[in-house]
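First comes the structure, then the notes that go with it.
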Amino acid sequence: MSNDAHISIQNVDMVYGAGQRPLRALAGIDLTVGRGEFVSIIGPSGCGKTTLLRIVGGLQEPTSGRVLIDGRPPRQAQREKQIGFVFQDPSLLPWRSVIENVRLPLQVNRRRDFSAGKDPSALIDLVGLREFGRYYPHELSGGMQQRVALARSFVTSPSVLLMDEPFGALDEITRSAMRFELMRVWRSEAAPDCTVVFVTHSIAEAVLLSDRVIVMSPQPGRIDASLEIDLSRPRGEEIEETQQFVDYTRRLRALLREHALV
Ligand code: ADP
Ligand code: MG
């Protein structure tokens, strides 16, 4: 990770419903994420994690404050296909095969195909689905569908990857496998220097994946604490057994108890 700021979130507020009962979802969020850094956001349900991720991705405008990605507004970064998204729901098109789903982000601009993209079949190989390029989503397990979503998110060579509880709907065994899969893809040639903002409910997941974990307080969401995770990479399954890992999960749990009232 280099030290230059890639994502800059500046004093972001979000208020929903301007009427009689406005709901303040985010209050004064300030956060800088370095290029190539993996940052997780953890906090109780309803604290504004999805809202913050959508604002960073240019899917929604904040009520006040601003976000810059490489010094530019998120919408511009999104137009330039610099941002990849993975949500809890893999959102694959059922009438398209695996390879056609992965290729989709390269085609959405009708005027021309996106030329800086990655080879969809190489990405399908990378996520372990080589045999399944011609399959349709309904022929795949939940974990396999989420692998397709992961491959799709990398196809435009995004410099920023935004992930909102991407493994939240998977069983524990698949979920654990997907964490390592994600780290492997993120550190591969497919994603040089890619910056990740990852929303999760899981303490172990946040510690395992991240360079830094941000703790958000309940509504209105604020950033209350952050924890640097100084574990060496690459990180394999054995790391979860180490004292260092266990200590980080303890510290994160204590921070959550202190700040996020969980
Ligand atoms: P999280 O992802 O942490 O669970 P969200 O960002 O989804 O939190 O929601 C934060 C708060 O904002 C919640 O109280 C939610 O009900 C509210 N909220 C989210 N989206 C909207 C919306 N489009 N309109 C009104 N309120 C919303
Ligand atoms: Mg959410």
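Chain labels run A, B, ... following the order of the structure tokens; each chain numbers its residues from 1, and ligands are numbered from 1 in the order shown.
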
Check which residues of segment 126-234 of chain A sit at most 8 Å from segment 16-37 of chain A using only C-alpha atoms, and return one row each with the closest pair of atoms and their distance in Å to one decimal, ordered by chain and rising number, as JSON lines.
{"residue": "A:Pro192", "atom": "CA", "partner": "A:Gly36", "partner_atom": "CA", "distance": 7.9}
{"residue": "A:Asp193", "atom": "CA", "partner": "A:Gly36", "partner_atom": "CA", "distance": 4.3}
{"residue": "A:Cys194", "atom": "CA", "partner": "A:Gly36", "partner_atom": "CA", "distance": 4.8}
{"residue": "A:Thr195", "atom": "CA", "partner": "A:Gly36", "partner_atom": "CA", "distance": 4.2}
{"residue": "A:Val196", "atom": "CA", "partner": "A:Glu37", "partner_atom": "CA", "distance": 6.3}
{"residue": "A:Asp211", "atom": "CA", "partner": "A:Glu37", "partner_atom": "CA", "distance": 6.4}
{"residue": "A:Gln219", "atom": "CA", "partner": "A:Ala25", "partner_atom": "CA", "distance": 5.9}
{"residue": "A:Pro220", "atom": "CA", "partner": "A:Ala25", "partner_atom": "CA", "distance": 4.7}
{"residue": "A:Gly221", "atom": "CA", "partner": "A:Leu26", "partner_atom": "CA", "distance": 4.5}
{"residue": "A:Arg222", "atom": "CA", "partner": "A:Ala27", "partner_atom": "CA", "distance": 5.6}
{"residue": "A:Ile223", "atom": "CA", "partner": "A:Ile29", "partner_atom": "CA", "distance": 6.3}

key: Spatial neighbours of segment 208-210 of chain A, 8 Å, only C-alpha atoms, chain gap at least 5 places, as a VMD selection string   = chain A and resid 38 to 40 179 183 229 235 240 245

request  = Find the residues near ligand 2. Use a cut-off of 7 Å, count only C-alpha atoms and all ligand atoms, and write them as a list of chain:residue names.
outcome  = A:Ser45, A:Gly46, A:Gly48, A:Lys49, A:Thr50, A:Asp164

message = With distances taken over only C-alpha atoms, which residue among A:Gly133, A:Leu170, A:Asp119, A:Leu162 lies nearest Gln82 of chain A?
response =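 Counting only C-alpha atoms, the residue closest to Gln82 of chain A is A:Leu162.
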
inquiry  = Residues near Ile55 of chain A, anyone? I mean within 10 Å using only C-alpha atoms, not counting same-chain ones fewer than 3 positions away, as a list of chain:residue names.
reply    =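 Here the answer would be A:Ile9, A:Val12, A:Met14, A:Lys49, A:Thr50, A:Thr51, A:Leu52, A:Gly58, A:Leu59, A:Gln60, A:Glu61, A:Pro62, A:Arg66, A:Val67, A:Pro74, A:Arg75.
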
For C-alpha atoms, I'd like the residues from the last selection saved as an mmCIF file, in the first residue's frame.
data_model
loop_
_atom_site.group_PDB
_atom_site.id
_atom_site.type_symbol
_atom_site.label_atom_id
_atom_site.label_comp_id
_atom_site.auth_asym_id
_atom_site.auth_seq_id
_atom_site.Cartn_x
_atom_site.Cartn_y
_atom_site.Cartn_z
ATOM 1 C CA ILE A 9 -14.631 11.388 2.468
ATOM 2 C CA VAL A 12 -20.380 13.802 4.883
ATOM 3 C CA MET A 14 -26.937 12.269 5.069
ATOM 4 C CA LYS A 49 -22.956 1.593 6.289
ATOM 5 C CA THR A 50 -24.849 0.972 3.051
ATOM 6 C CA THR A 51 -25.678 4.662 2.772
ATOM 7 C CA LEU A 52 -22.012 5.572 3.109
ATOM 8 C CA GLY A 58 -21.670 7.826 -6.622
ATOM 9 C CA LEU A 59 -25.020 5.995 -6.448
ATOM 10 C CA GLN A 60 -26.419 8.686 -4.186
ATOM 11 C CA GLU A 61 -25.530 12.259 -3.247
ATOM 12 C CA PRO A 62 -24.858 13.248 0.377
ATOM 13 C CA ARG A 66 -18.277 15.516 -0.388
ATOM 14 C CA VAL A 67 -16.345 12.498 -1.548
ATOM 15 C CA PRO A 74 -17.569 9.545 -7.531
ATOM 16 C CA ARG A 75 -20.028 9.882 -10.416
#
